[in-house]
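*Asks:* Pasting query05.pdb here (PDB, C-alpha atoms (C1' of nucleotides)):
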ATOM      1  CA  MET P   1      30.648 -29.248  -4.925
ATOM      2  CA  SER P   2      32.531 -31.703  -2.843
ATOM      3  CA  THR P   3      30.263 -31.636   0.161
ATOM      4  CA  ASP P   4      28.434 -34.661   1.391
ATOM      5  CA  LEU P   5      24.716 -35.250   1.556
ATOM      6  CA  ASN P   6      24.389 -36.751   4.998
ATOM      7  CA  PRO P   7      25.620 -33.890   7.141
ATOM      8  CA  ILE P   8      23.133 -31.628   5.442
ATOM      9  CA  ILE P   9      20.306 -34.041   5.957
ATOM     10  CA  GLU P  10      21.354 -34.224   9.582
ATOM     11  CA  ARG P  11      21.045 -30.483   9.865
ATOM     12  CA  CYS P  12      17.570 -30.748   8.418
ATOM     13  CA  ARG P  13      16.675 -33.433  10.914
ATOM     14  CA  ALA P  14      18.047 -31.327  13.727
ATOM     15  CA  GLU P  15      15.747 -28.546  12.566
ATOM     16  CA  GLY P  16      12.801 -30.874  12.836
ATOM     17  CA  LEU P  17      12.371 -31.785   9.181
ATOM     18  CA  ARG P  18      11.537 -35.343   8.237
ATOM     19  CA  ARG P  19      13.787 -37.400   6.059
ATOM     20  CA  THR P  20      11.749 -37.856   2.915
ATOM     21  CA  LYS P  21      12.770 -39.001  -0.508
ATOM     22  CA  ALA P  22      11.901 -35.592  -1.914
ATOM     23  CA  LEU P  23      14.129 -33.841   0.610
ATOM     24  CA  GLU P  24      17.060 -36.111  -0.186
ATOM     25  CA  GLU P  25      16.700 -35.651  -3.910
ATOM     26  CA  LEU P  26      16.312 -31.911  -3.602
ATOM     27  CA  ILE P  27      19.424 -31.505  -1.475
ATOM     28  CA  THR P  28      21.339 -33.831  -3.768
ATOM     29  CA  THR P  29      20.298 -31.839  -6.811
ATOM     30  CA  LEU P  30      21.414 -28.602  -5.201
ATOM     31  CA  LEU P  31      24.686 -30.220  -4.159
ATOM     32  CA  GLU P  32      25.344 -31.422  -7.666
ATOM     33  CA  SER P  33      24.641 -28.006  -9.086
ATOM     34  CA  ASP P  34      27.382 -25.447  -8.808
ATOM     35  CA  ARG P  35      25.047 -22.542  -9.270
ATOM     36  CA  PRO P  36      21.729 -21.236  -7.960
ATOM     37  CA  MET P  37      18.636 -22.794  -9.498
ATOM     38  CA  THR P  38      15.070 -21.703 -10.010
ATOM     39  CA  LEU P  39      12.061 -23.519  -8.630
ATOM     40  CA  ALA P  40      11.135 -24.611 -12.130
ATOM     41  CA  GLU P  41      14.611 -25.943 -12.870
ATOM     42  CA  LEU P  42      14.606 -27.901  -9.649
ATOM     43  CA  ALA P  43      11.112 -29.305 -10.055
ATOM     44  CA  GLU P  44      11.878 -30.407 -13.603
ATOM     45  CA  SER P  45      15.331 -31.727 -12.849
ATOM     46  CA  GLU P  46      16.086 -35.371 -13.482
ATOM     47  CA  ARG P  47      16.001 -36.377  -9.847
ATOM     48  CA  LEU P  48      12.846 -34.508  -8.922
ATOM     49  CA  THR P  49      10.586 -34.493 -11.941
ATOM     50  CA  ASN P  50       9.099 -37.914 -11.223
ATOM     51  CA  GLN P  51       9.670 -37.700  -7.540
ATOM     52  CA  CYS P  52       7.306 -34.994  -6.427
ATOM     53  CA  ASP P  53       5.094 -32.083  -7.290
ATOM     54  CA  LYS P  54       6.362 -28.584  -7.913
ATOM     55  CA  ALA P  55       4.392 -27.373  -4.893
ATOM     56  CA  THR P  56       6.322 -29.818  -2.763
ATOM     57  CA  VAL P  57       9.632 -28.505  -4.033
ATOM     58  CA  PHE P  58       8.372 -25.011  -3.340
ATOM     59  CA  ARG P  59       7.427 -25.836   0.210
ATOM     60  CA  LEU P  60      10.645 -27.690   0.845
ATOM     61  CA  LEU P  61      12.664 -24.718  -0.363
ATOM     62  CA  GLN P  62      10.569 -22.490   1.832
ATOM     63  CA  ARG P  63      11.233 -24.570   4.921
ATOM     64  CA  LEU P  64      14.910 -24.932   4.090
ATOM     65  CA  ALA P  65      15.226 -21.194   3.635
ATOM     66  CA  ASP P  66      13.490 -20.659   6.974
ATOM     67  CA  LYS P  67      16.012 -22.927   8.632
ATOM     68  CA  GLY P  68      18.934 -21.241   6.937
ATOM     69  CA  ILE P  69      19.882 -24.287   4.902
ATOM     70  CA  VAL P  70      19.222 -22.760   1.523
ATOM     71  CA  ARG P  71      19.087 -19.138   0.544
ATOM     72  CA  ARG P  72      16.749 -17.397  -1.788
ATOM     73  CA  LEU P  73      18.812 -14.947  -3.794
ATOM     74  CA  GLY P  74      17.880 -11.433  -4.772
ATOM     75  CA  LEU P  75      16.143  -8.464  -3.247
ATOM     76  CA  HIS P  76      13.480 -10.642  -1.667
ATOM     77  CA  GLU P  77      10.329  -8.859  -2.685
ATOM     78  CA  ARG P  78       8.662 -10.801  -5.443
ATOM     79  CA  ALA P  79       8.908  -7.884  -7.765
ATOM     80  CA  ALA P  80      11.740  -6.749 -10.018
ATOM     81  CA  TYR P  81      13.815  -3.748  -8.978
ATOM     82  CA  PHE P  82      14.991  -0.947 -11.219
ATOM     83  CA  ALA P  83      17.691   1.631 -10.644
ATOM     84  CA  LEU P  84      18.914   4.576 -12.598
ATOM     85  CA  LEU P  85      22.318   4.056 -14.153
ATOM     86  CA  VAL P  86      24.456   7.140 -13.717
ATOM     87  CA  PRO P  87      27.768   7.002 -15.597
ATOM     88  CA  GLY P  88      30.725   6.990 -13.258
ATOM     89  CA  GLN P  89      28.536   6.267 -10.294
ATOM     90  CA  HIS P  90      28.163   2.878  -8.679
ATOM     91  CA  ARG P  91      25.991   1.926  -5.764
ATOM     92  CA  ASP P  92      25.912  -1.026  -3.436
ATOM     93  CA  TYR P  93      23.057  -1.614  -1.038
ATOM     94  CA  LEU P  94      22.333  -2.693   2.487
ATOM     95  CA  ILE P  95      19.023  -4.477   2.920
ATOM     96  CA  CYS P  96      17.199  -5.499   6.064
ATOM     97  CA  THR P  97      15.986  -9.069   5.777
ATOM     98  CA  SER P  98      13.337  -8.369   8.352
ATOM     99  CA  CYS P  99      11.637  -5.133   7.302
ATOM    100  CA  GLY P 100      12.943  -5.002   3.737
ATOM    101  CA  SER P 101      14.365  -1.501   3.939
ATOM    102  CA  ILE P 102      17.063  -0.709   1.409
ATOM    103  CA  GLU P 103      19.774   1.896   1.854
ATOM    104  CA  PRO P 104      22.774   2.768  -0.253
ATOM    105  CA  ILE P 105      26.281   2.156   1.040
ATOM    106  CA  ASN P 106      28.734   4.999   1.015
ATOM    107  CA  ALA P 107      31.968   3.092   1.341
ATOM    108  CA  PRO P 108      33.963   2.675  -1.849
ATOM    109  CA  CYS P 109      33.218  -0.602  -3.533
ATOM    110  CA  PRO P 110      36.101  -3.057  -3.140
ATOM    111  CA  VAL P 111      35.215  -5.138  -6.153
ATOM    112  CA  HIS P 112      36.590  -3.257  -9.128
ATOM    113  CA  GLU P 113      39.964  -4.979  -9.071
ATOM    114  CA  LEU P 114      38.355  -8.374  -9.121
ATOM    115  CA  GLU P 115      36.079  -7.222 -11.894
ATOM    116  CA  LYS P 116      39.026  -6.347 -14.099
ATOM    117  CA  GLU P 117      40.673  -9.634 -13.287
ATOM    118  CA  ILE P 118      37.554 -11.559 -14.233
ATOM    119  CA  GLN P 119      37.248  -9.651 -17.466
ATOM    120  CA  PHE P 120      40.835 -10.638 -18.240
ATOM    121  CA  THR P 121      40.688 -14.297 -17.268
ATOM    122  CA  THR P 122      37.258 -15.228 -18.591
ATOM    123  CA  GLY P 123      36.966 -13.170 -21.751
ATOM    124  CA  TYR P 124      33.610 -11.731 -20.678
ATOM    125  CA  LYS P 125      32.922  -8.257 -22.027
ATOM    126  CA  ASN P 126      30.967  -5.294 -20.653
ATOM    127  CA  LEU P 127      31.356  -6.432 -17.112
ATOM    128  CA  TYR P 128      29.493  -4.862 -14.263
ATOM    129  CA  HIS P 129      28.491  -6.141 -10.880
ATOM    130  CA  GLU P 130      25.823  -6.009  -8.237
ATOM    131  CA  LEU P 131      26.677  -6.201  -4.580
ATOM    132  CA  GLU P 132      24.160  -6.324  -1.784
ATOM    133  CA  PHE P 133      24.579  -6.782   1.925
ATOM    134  CA  PHE P 134      21.770  -8.332   3.906
ATOM    135  CA  GLY P 135      21.208  -8.347   7.630
ATOM    136  CA  THR P 136      18.883  -7.342  10.432
ATOM    137  CA  CYS P 137      18.683  -3.592  10.926
ATOM    138  CA  PRO P 138      18.913  -2.019  14.400
ATOM    139  CA  LYS P 139      15.192  -1.254  14.485
ATOM    140  CA  CYS P 140      14.282  -4.838  13.757
ATOM    141  CA  ILE P 141      16.700  -6.155  16.371
ATOM    142  CA  ALA P 142      15.014  -4.143  19.093
TER     143      ALA P 142
ATOM    144  CA  MET T   1      21.347  11.868  -5.498
ATOM    145  CA  SER T   2      22.788  15.131  -6.646
ATOM    146  CA  THR T   3      22.523  14.483 -10.345
ATOM    147  CA  ASP T   4      20.484  16.654 -12.609
ATOM    148  CA  LEU T   5      17.467  15.706 -14.675
ATOM    149  CA  ASN T   6      18.283  17.346 -17.968
ATOM    150  CA  PRO T   7      21.456  15.510 -18.917
ATOM    151  CA  ILE T   8      19.625  12.248 -18.442
ATOM    152  CA  ILE T   9      16.700  13.354 -20.529
ATOM    153  CA  GLU T  10      19.217  14.380 -23.164
ATOM    154  CA  ARG T  11      20.648  10.897 -23.163
ATOM    155  CA  CYS T  12      17.142   9.561 -23.649
ATOM    156  CA  ARG T  13      16.580  11.939 -26.527
ATOM    157  CA  ALA T  14      19.877  10.924 -28.086
ATOM    158  CA  GLU T  15      18.670   7.341 -27.923
ATOM    159  CA  GLY T  16      15.568   8.277 -29.846
ATOM    160  CA  LEU T  17      13.087   8.511 -26.998
ATOM    161  CA  ARG T  18      10.571  11.318 -26.968
ATOM    162  CA  ARG T  19      10.373  13.816 -24.179
ATOM    163  CA  THR T  20       7.074  13.066 -22.513
ATOM    164  CA  LYS T  21       5.700  14.042 -19.158
ATOM    165  CA  ALA T  22       5.733  10.423 -18.043
ATOM    166  CA  LEU T  23       9.404  10.044 -18.945
ATOM    167  CA  GLU T  24      10.346  13.179 -17.027
ATOM    168  CA  GLU T  25       8.422  12.166 -13.955
ATOM    169  CA  LEU T  26       9.812   8.651 -14.029
ATOM    170  CA  ILE T  27      13.415   9.796 -14.275
ATOM    171  CA  THR T  28      12.831  12.412 -11.594
ATOM    172  CA  THR T  29      11.351   9.820  -9.277
ATOM    173  CA  LEU T  30      14.316   7.529  -9.784
ATOM    174  CA  LEU T  31      16.693  10.436  -9.233
ATOM    175  CA  GLU T  32      14.983  11.371  -6.010
ATOM    176  CA  SER T  33      15.125   7.813  -4.776
ATOM    177  CA  ASP T  34      18.428   6.660  -3.405
ATOM    178  CA  ARG T  35      17.605   3.013  -3.854
ATOM    179  CA  PRO T  36      16.227   0.635  -6.471
ATOM    180  CA  MET T  37      12.450   0.619  -6.814
ATOM    181  CA  THR T  38       9.891  -1.868  -8.027
ATOM    182  CA  LEU T  39       7.509  -1.274 -10.885
ATOM    183  CA  ALA T  40       4.644  -1.083  -8.432
ATOM    184  CA  GLU T  41       6.438   1.446  -6.216
ATOM    185  CA  LEU T  42       7.195   3.600  -9.208
ATOM    186  CA  ALA T  43       3.732   3.404 -10.714
ATOM    187  CA  GLU T  44       2.151   4.292  -7.377
ATOM    188  CA  SER T  45       4.639   6.968  -6.468
ATOM    189  CA  GLU T  46       3.426  10.509  -5.912
ATOM    190  CA  ARG T  47       4.711  11.826  -9.218
ATOM    191  CA  LEU T  48       3.468   8.981 -11.362
ATOM    192  CA  THR T  49       0.273   7.691  -9.852
ATOM    193  CA  ASN T  50      -1.936  10.263 -11.547
ATOM    194  CA  GLN T  51       0.387  10.731 -14.429
ATOM    195  CA  CYS T  52       0.227   7.456 -16.274
ATOM    196  CA  ASP T  53      -0.698   3.820 -16.348
ATOM    197  CA  LYS T  54       1.414   1.065 -14.833
ATOM    198  CA  ALA T  55       1.851  -0.421 -18.299
ATOM    199  CA  THR T  56       3.375   2.824 -19.426
ATOM    200  CA  VAL T  57       5.844   2.808 -16.577
ATOM    201  CA  PHE T  58       6.659  -0.765 -17.449
ATOM    202  CA  ARG T  59       7.309   0.026 -21.077
ATOM    203  CA  LEU T  60       9.333   3.081 -20.207
ATOM    204  CA  LEU T  61      11.520   1.067 -17.869
ATOM    205  CA  GLN T  62      11.874  -1.535 -20.570
ATOM    206  CA  ARG T  63      13.053   1.003 -23.120
ATOM    207  CA  LEU T  64      15.348   2.712 -20.640
ATOM    208  CA  ALA T  65      16.883  -0.617 -19.700
ATOM    209  CA  ASP T  66      17.393  -1.405 -23.384
ATOM    210  CA  LYS T  67      19.215   1.868 -23.817
ATOM    211  CA  GLY T  68      21.344   1.318 -20.736
ATOM    212  CA  ILE T  69      19.828   4.207 -18.824
ATOM    213  CA  VAL T  70      18.292   2.148 -16.075
ATOM    214  CA  ARG T  71      19.175  -1.330 -14.898
ATOM    215  CA  ARG T  72      16.945  -4.122 -13.849
ATOM    216  CA  LEU T  73      18.567  -5.732 -10.826
ATOM    217  CA  GLY T  74      18.802  -9.392 -10.036
ATOM    218  CA  LEU T  75      19.510 -12.619 -11.826
ATOM    219  CA  HIS T  76      17.354 -11.563 -14.755
ATOM    220  CA  GLU T  77      15.172 -14.591 -15.281
ATOM    221  CA  ARG T  78      11.787 -13.791 -13.881
ATOM    222  CA  ALA T  79      12.030 -16.600 -11.425
ATOM    223  CA  ALA T  80      13.559 -16.743  -7.953
ATOM    224  CA  TYR T  81      16.876 -18.513  -7.497
ATOM    225  CA  PHE T  82      17.806 -20.821  -4.649
ATOM    226  CA  ALA T  83      21.216 -21.981  -3.533
ATOM    227  CA  LEU T  84      22.391 -24.367  -0.876
ATOM    228  CA  LEU T  85      24.047 -22.662   2.060
ATOM    229  CA  VAL T  86      27.166 -24.516   3.073
ATOM    230  CA  PRO T  87      28.726 -23.226   6.299
ATOM    231  CA  GLY T  88      32.142 -21.737   5.705
ATOM    232  CA  GLN T  89      31.608 -21.648   1.990
ATOM    233  CA  HIS T  90      30.763 -18.560   0.009
ATOM    234  CA  ARG T  91      30.123 -18.273  -3.684
ATOM    235  CA  ASP T  92      29.967 -15.370  -6.079
ATOM    236  CA  TYR T  93      28.685 -15.750  -9.604
ATOM    237  CA  LEU T  94      29.387 -14.676 -13.137
ATOM    238  CA  ILE T  95      26.308 -14.384 -15.307
ATOM    239  CA  CYS T  96      25.986 -13.848 -19.028
ATOM    240  CA  THR T  97      23.449 -11.144 -19.768
ATOM    241  CA  SER T  98      22.921 -12.594 -23.207
ATOM    242  CA  CYS T  99      22.445 -16.353 -22.729
ATOM    243  CA  GLY T 100      21.784 -16.316 -18.996
ATOM    244  CA  SER T 101      24.425 -18.883 -18.101
ATOM    245  CA  ILE T 102      25.614 -18.776 -14.509
ATOM    246  CA  GLU T 103      28.992 -19.968 -13.302
ATOM    247  CA  PRO T 104      30.653 -19.751  -9.916
ATOM    248  CA  ILE T 105      33.732 -17.597  -9.419
ATOM    249  CA  ASN T 106      36.787 -19.148  -7.874
ATOM    250  CA  ALA T 107      38.649 -16.040  -6.822
ATOM    251  CA  PRO T 108      38.481 -15.201  -3.130
ATOM    252  CA  CYS T 109      35.741 -12.748  -2.387
ATOM    253  CA  PRO T 110      37.121  -9.276  -1.627
ATOM    254  CA  VAL T 111      34.133  -8.100   0.323
ATOM    255  CA  HIS T 112      34.536  -9.565   3.776
ATOM    256  CA  GLU T 113      36.453  -6.607   5.171
ATOM    257  CA  LEU T 114      33.795  -4.199   4.054
ATOM    258  CA  GLU T 115      31.166  -6.497   5.489
ATOM    259  CA  LYS T 116      32.741  -6.313   8.932
ATOM    260  CA  GLU T 117      33.045  -2.568   8.645
ATOM    261  CA  ILE T 118      29.378  -2.233   7.732
ATOM    262  CA  GLN T 119      28.369  -4.450  10.613
ATOM    263  CA  PHE T 120      30.335  -2.164  12.903
ATOM    264  CA  THR T 121      29.198   1.201  11.573
ATOM    265  CA  THR T 122      25.524   0.463  10.955
ATOM    266  CA  GLY T 123      24.628  -1.880  13.781
ATOM    267  CA  TYR T 124      23.149  -4.438  11.423
ATOM    268  CA  LYS T 125      23.425  -8.022  12.627
ATOM    269  CA  ASN T 126      23.798 -11.349  10.840
ATOM    270  CA  LEU T 127      25.329  -9.767   7.816
ATOM    271  CA  TYR T 128      25.908 -11.636   4.612
ATOM    272  CA  HIS T 129      26.246 -10.506   1.051
ATOM    273  CA  GLU T 130      25.532 -11.429  -2.518
ATOM    274  CA  LEU T 131      27.885 -10.484  -5.292
ATOM    275  CA  GLU T 132      27.240 -11.120  -8.955
ATOM    276  CA  PHE T 133      29.168 -10.114 -12.017
ATOM    277  CA  PHE T 134      27.319  -9.646 -15.279
ATOM    278  CA  GLY T 135      28.676  -9.459 -18.791
ATOM    279  CA  THR T 136      28.635 -10.995 -22.225
ATOM    280  CA  CYS T 137      30.273 -14.412 -22.320
ATOM    281  CA  PRO T 138      32.780 -15.334 -25.051
ATOM    282  CA  LYS T 139      30.267 -17.563 -26.830
ATOM    283  CA  CYS T 140      27.716 -14.781 -27.039
ATOM    284  CA  ILE T 141      30.297 -12.306 -28.300
ATOM    285  CA  ALA T 142      31.140 -14.504 -31.266
TER     286      ALA T 142
ATOM    287  C1'  DG G   1      -1.188 -42.508  16.778
ATOM    288  C1'  DT G   2       0.172 -37.885  15.707
ATOM    289  C1'  DA G   3       2.024 -34.333  13.333
ATOM    290  C1'  DA G   4       4.595 -33.255   9.310
ATOM    291  C1'  DT G   5       4.447 -33.796   4.416
ATOM    292  C1'  DT G   6       2.420 -34.335  -0.158
ATOM    293  C1'  DG G   7      -0.474 -33.976  -4.520
ATOM    294  C1'  DC G   8      -3.724 -31.699  -7.009
ATOM    295  C1'  DA G   9      -6.175 -27.906  -8.142
ATOM    296  C1'  DA G  10      -7.338 -23.294  -7.411
ATOM    297  C1'  DA G  11      -6.096 -18.615  -6.186
ATOM    298  C1'  DT G  12      -2.668 -14.706  -6.225
ATOM    299  C1'  DA G  13       0.723 -11.731  -7.755
ATOM    300  C1'  DC G  14       3.562  -9.603 -10.947
ATOM    301  C1'  DT G  15       4.683  -9.012 -15.712
ATOM    302  C1'  DT G  16       3.812  -8.565 -20.429
ATOM    303  C1'  DT G  17       1.145  -7.801 -24.722
ATOM    304  C1'  DG G  18      -2.721  -6.244 -28.197
ATOM    305  C1'  DC G  19      -5.056  -2.746 -30.046
ATOM    306  C1'  DC G  20      -6.389   1.593 -31.051
ATOM    307  C1'  DA G  21      -6.190   6.540 -29.684
ATOM    308  C1'  DC G  22      -2.979  10.281 -28.959
ATOM    309  C1'  DG G  23       1.038  13.433 -28.826
ATOM    310  C1'  DT G  24       5.727  14.696 -30.213
ATOM    311  C1'  DA G  25       8.862  15.963 -33.663
TER     312       DA G  25
ATOM    313  C1'  DT X   1       2.114  13.543 -41.422
ATOM    314  C1'  DA X   2       4.575   9.689 -39.277
ATOM    315  C1'  DC X   3       5.945   7.151 -35.803
ATOM    316  C1'  DG X   4       6.880   6.707 -31.014
ATOM    317  C1'  DT X   5       3.898   6.624 -26.866
ATOM    318  C1'  DG X   6      -0.109   5.983 -23.831
ATOM    319  C1'  DG X   7      -4.422   3.839 -21.759
ATOM    320  C1'  DC X   8      -7.175   0.005 -20.885
ATOM    321  C1'  DA X   9      -8.064  -4.557 -20.652
ATOM    322  C1'  DA X  10      -6.719  -9.190 -21.331
ATOM    323  C1'  DA X  11      -3.248 -12.847 -21.375
ATOM    324  C1'  DG X  12       0.895 -15.038 -19.620
ATOM    325  C1'  DT X  13       3.963 -16.872 -16.208
ATOM    326  C1'  DA X  14       5.631 -17.674 -11.510
ATOM    327  C1'  DT X  15       4.354 -18.106  -6.840
ATOM    328  C1'  DT X  16       1.538 -19.395  -3.097
ATOM    329  C1'  DT X  17      -2.316 -21.639  -0.608
ATOM    330  C1'  DG X  18      -6.431 -25.008   0.777
ATOM    331  C1'  DC X  19      -7.598 -29.378   1.799
ATOM    332  C1'  DA X  20      -7.830 -34.146   2.050
ATOM    333  C1'  DA X  21      -4.784 -38.161   1.759
ATOM    334  C1'  DT X  22      -0.427 -40.020   2.985
ATOM    335  C1'  DT X  23       3.889 -40.906   5.392
ATOM    336  C1'  DA X  24       7.653 -40.481   8.827
ATOM    337  C1'  DC X  25       8.674 -41.083  13.443
TER     338       DC X  25
END
Kindly transcribe the structure held in the file into structure tokens.

*Replies:*
Amino acid sequence: MSTDLNPIIERCRAEGLRRTKALEELITTLLESDRPMTLAELAESERLTNQCDKATVFRLLQRLADKGIVRRLGLHERAAYFALLVPGQHRDYLICTSCGSIEPINAPCPVHELEKEIQFTTGYKNLYHELEFFGTCPKCIA
Amino acid sequence: MSTDLNPIIERCRAEGLRRTKALEELITTLLESDRPMTLAELAESERLTNQCDKATVFRLLQRLADKGIVRRLGLHERAAYFALLVPGQHRDYLICTSCGSIEPINAPCPVHELEKEIQFTTGYKNLYHELEFFGTCPKCIA
DNA sequence: GTAATTGCAAATACTTTGCCACGTA
DNA sequence: TACGTGGCAAAGTATTTGCAATTAC
């Protein structure tokens, strides 16, 4: 990533977070990574392992997610989700970030072209994808 | 879902699974649900709660996932993933189901149109999406 | 000085396994 | 009969919290 540390720290400050060494190192680690990371990976990463406790990293991530500065990926409940795989059928989902409701999307999935392209350019085999939309549902807005 | 139970059971049989009451009820429950479900939801669902133990549901799901009949959603490690949220920047990922490596995708994301449409038709607010491609990477194929 | 932040340890939550009994083929 | 499957209970792993001490502002 080519983004700079300071503007992000400024956003944190604007949200009322204090500028601590742990915060700086955490943001820097995420900036240097070009992919999502787990709590364990972060806590044991070079910059953080001797800097602070895993619980601190956890709480930082929690605050940052609250403020919209990081995002926790996945279907949000702590548990794993399972779905039946019906040949020739593909489902994408719409999930309310407030009440957690999940509903299937009817619209045709616009990703298949890209999927083929990725298969071609990267050499990955057996490609499939997961696509989820998140937002606040009408009930939760009211 | 409008799909029928028997063909799926037949696929299970073809994969060497035995036709048990628990298997039938589990598949039926997943068929009746139009969204992914957690282990706990399944184990406590009407059809299964007095039918079998949670461990049984777990092992069934495990076998079915092995055979490609159900899919476990998400980034596959048991842990939660976190990513920095950079305004104006969106990332999709390509993940190897064998070695677990994650890399960002450069191609422009083809989902924004659909996202707007969903926002319009469903009344959800603050929409965003997550898109991941899964497959076997070239290294793991070799 | 005050409130946010941290470390450490303990508590939860969800997942996974061992072992022996049981049911399907 | 043979081997996949099931129940129950225990172990494993990741997340989350309590509380007193510390630090940023």

*Asks:* Given the file shown, enumerate the residues that the PyMOL selection byres ((chain T) within 10 of (chain G)) captures and present them as a PDB file with C-alpha atoms, keeping the file's coordinate frame.

*Replies:*
ATOM      1  CA  ARG T  18      10.571  11.318 -26.968  1.00  0.00           C
ATOM      2  CA  ARG T  19      10.373  13.816 -24.179  1.00  0.00           C
ATOM      3  CA  THR T  20       7.074  13.066 -22.513  1.00  0.00           C
ATOM      4  CA  LEU T  39       7.509  -1.274 -10.885  1.00  0.00           C
ATOM      5  CA  ALA T  40       4.644  -1.083  -8.432  1.00  0.00           C
ATOM      6  CA  ALA T  55       1.851  -0.421 -18.299  1.00  0.00           C
ATOM      7  CA  PHE T  58       6.659  -0.765 -17.449  1.00  0.00           C
ATOM      8  CA  ARG T  59       7.309   0.026 -21.077  1.00  0.00           C
ATOM      9  CA  ARG T  78      11.787 -13.791 -13.881  1.00  0.00           C
TER      10      ARG T  78
END

*Asks:* Could you give me, as JSON lines, a per-residue list for chain P showing, wherever an atom lies at most 7 Å from an atom of chain T, the closest pair of atoms and their distance in Å to one decimal, using all atoms listed in the file and sorting by chain then residue number from low to high?

*Replies:*
{"residue": "P:Leu30", "atom": "CA", "partner": "T:Leu84", "partner_atom": "CA", "distance": 6.1}
{"residue": "P:Asp34", "atom": "CA", "partner": "T:Pro104", "partner_atom": "CA", "distance": 6.7}
{"residue": "P:Arg35", "atom": "CA", "partner": "T:Glu103", "partner_atom": "CA", "distance": 6.2}
{"residue": "P:Pro36", "atom": "CA", "partner": "T:Ala83", "partner_atom": "CA", "distance": 4.5}
{"residue": "P:Met37", "atom": "CA", "partner": "T:Tyr81", "partner_atom": "CA", "distance": 5.0}
{"residue": "P:Thr38", "atom": "CA", "partner": "T:Tyr81", "partner_atom": "CA", "distance": 4.4}
{"residue": "P:Leu39", "atom": "CA", "partner": "T:Ala80", "partner_atom": "CA", "distance": 7.0}
{"residue": "P:Ile69", "atom": "CA", "partner": "T:Leu85", "partner_atom": "CA", "distance": 5.3}
{"residue": "P:Val70", "atom": "CA", "partner": "T:Leu84", "partner_atom": "CA", "distance": 4.3}
{"residue": "P:Arg71", "atom": "CA", "partner": "T:Ala83", "partner_atom": "CA", "distance": 5.4}
{"residue": "P:Arg72", "atom": "CA", "partner": "T:Phe82", "partner_atom": "CA", "distance": 4.6}
{"residue": "P:Leu73", "atom": "CA", "partner": "T:Tyr81", "partner_atom": "CA", "distance": 5.5}
{"residue": "P:Gly74", "atom": "CA", "partner": "T:Gly74", "partner_atom": "CA", "distance": 5.7}
{"residue": "P:Ala79", "atom": "CA", "partner": "T:Thr38", "partner_atom": "CA", "distance": 6.1}
{"residue": "P:Ala80", "atom": "CA", "partner": "T:Thr38", "partner_atom": "CA", "distance": 5.6}
{"residue": "P:Tyr81", "atom": "CA", "partner": "T:Thr38", "partner_atom": "CA", "distance": 4.5}
{"residue": "P:Phe82", "atom": "CA", "partner": "T:Arg72", "partner_atom": "CA", "distance": 4.6}
{"residue": "P:Ala83", "atom": "CA", "partner": "T:Pro36", "partner_atom": "CA", "distance": 4.5}
{"residue": "P:Leu84", "atom": "CA", "partner": "T:Val70", "partner_atom": "CA", "distance": 4.3}
{"residue": "P:Leu85", "atom": "CA", "partner": "T:Val70", "partner_atom": "CA", "distance": 4.9}
{"residue": "P:Ile102", "atom": "CA", "partner": "T:Arg35", "partner_atom": "CA", "distance": 6.5}
{"residue": "P:Glu103", "atom": "CA", "partner": "T:Arg35", "partner_atom": "CA", "distance": 6.2}
{"residue": "P:Pro104", "atom": "CA", "partner": "T:Arg35", "partner_atom": "CA", "distance": 6.3}
{"residue": "P:Pro110", "atom": "CA", "partner": "T:Val111", "partner_atom": "CA", "distance": 6.4}
{"residue": "P:Val111", "atom": "CA", "partner": "T:Pro110", "partner_atom": "CA", "distance": 6.4}
{"residue": "P:Gly123", "atom": "CA", "partner": "T:Pro138", "partner_atom": "CA", "distance": 5.8}
{"residue": "P:Tyr124", "atom": "CA", "partner": "T:Cys137", "partner_atom": "CA", "distance": 4.6}
{"residue": "P:Lys125", "atom": "CA", "partner": "T:Thr136", "partner_atom": "CA", "distance": 5.1}
{"residue": "P:Asn126", "atom": "CA", "partner": "T:Gly135", "partner_atom": "CA", "distance": 5.1}
{"residue": "P:Leu127", "atom": "CA", "partner": "T:Gly135", "partner_atom": "CA", "distance": 4.4}
{"residue": "P:Tyr128", "atom": "CA", "partner": "T:Phe134", "partner_atom": "CA", "distance": 5.4}
{"residue": "P:His129", "atom": "CA", "partner": "T:Phe133", "partner_atom": "CA", "distance": 4.2}
{"residue": "P:Glu130", "atom": "CA", "partner": "T:Glu132", "partner_atom": "CA", "distance": 5.4}
{"residue": "P:Leu131", "atom": "CA", "partner": "T:Leu131", "partner_atom": "CA", "distance": 4.5}
{"residue": "P:Glu132", "atom": "CA", "partner": "T:Glu130", "partner_atom": "CA", "distance": 5.3}
{"residue": "P:Phe133", "atom": "CA", "partner": "T:His129", "partner_atom": "CA", "distance": 4.2}
{"residue": "P:Phe134", "atom": "CA", "partner": "T:Tyr128", "partner_atom": "CA", "distance": 5.3}
{"residue": "P:Gly135", "atom": "CA", "partner": "T:Leu127", "partner_atom": "CA", "distance": 4.4}
{"residue": "P:Thr136", "atom": "CA", "partner": "T:Lys125", "partner_atom": "CA", "distance": 5.1}
{"residue": "P:Cys137", "atom": "CA", "partner": "T:Tyr124", "partner_atom": "CA", "distance": 4.6}
{"residue": "P:Pro138", "atom": "CA", "partner": "T:Tyr124", "partner_atom": "CA", "distance": 5.7}

*Asks:* Between CA of Gly16 in chain P and CA of Leu48 in chain P, what is the distance, to one decimal in Å?

*Replies:* 22.1 Å

*Asks:* If we count only C-alpha atoms (C1' of nucleotides), which residues of chain X reach to within 9 Å of chain P? Please list them as a ChimeraX atom specification.

*Replies:* /X:14-16,23-25

*Asks:* Could you please determine the separation between CA of Leu26 in chain P and CA of Glu44 in chain P in Å, to one decimal place?

*Replies:* 11.0 Å
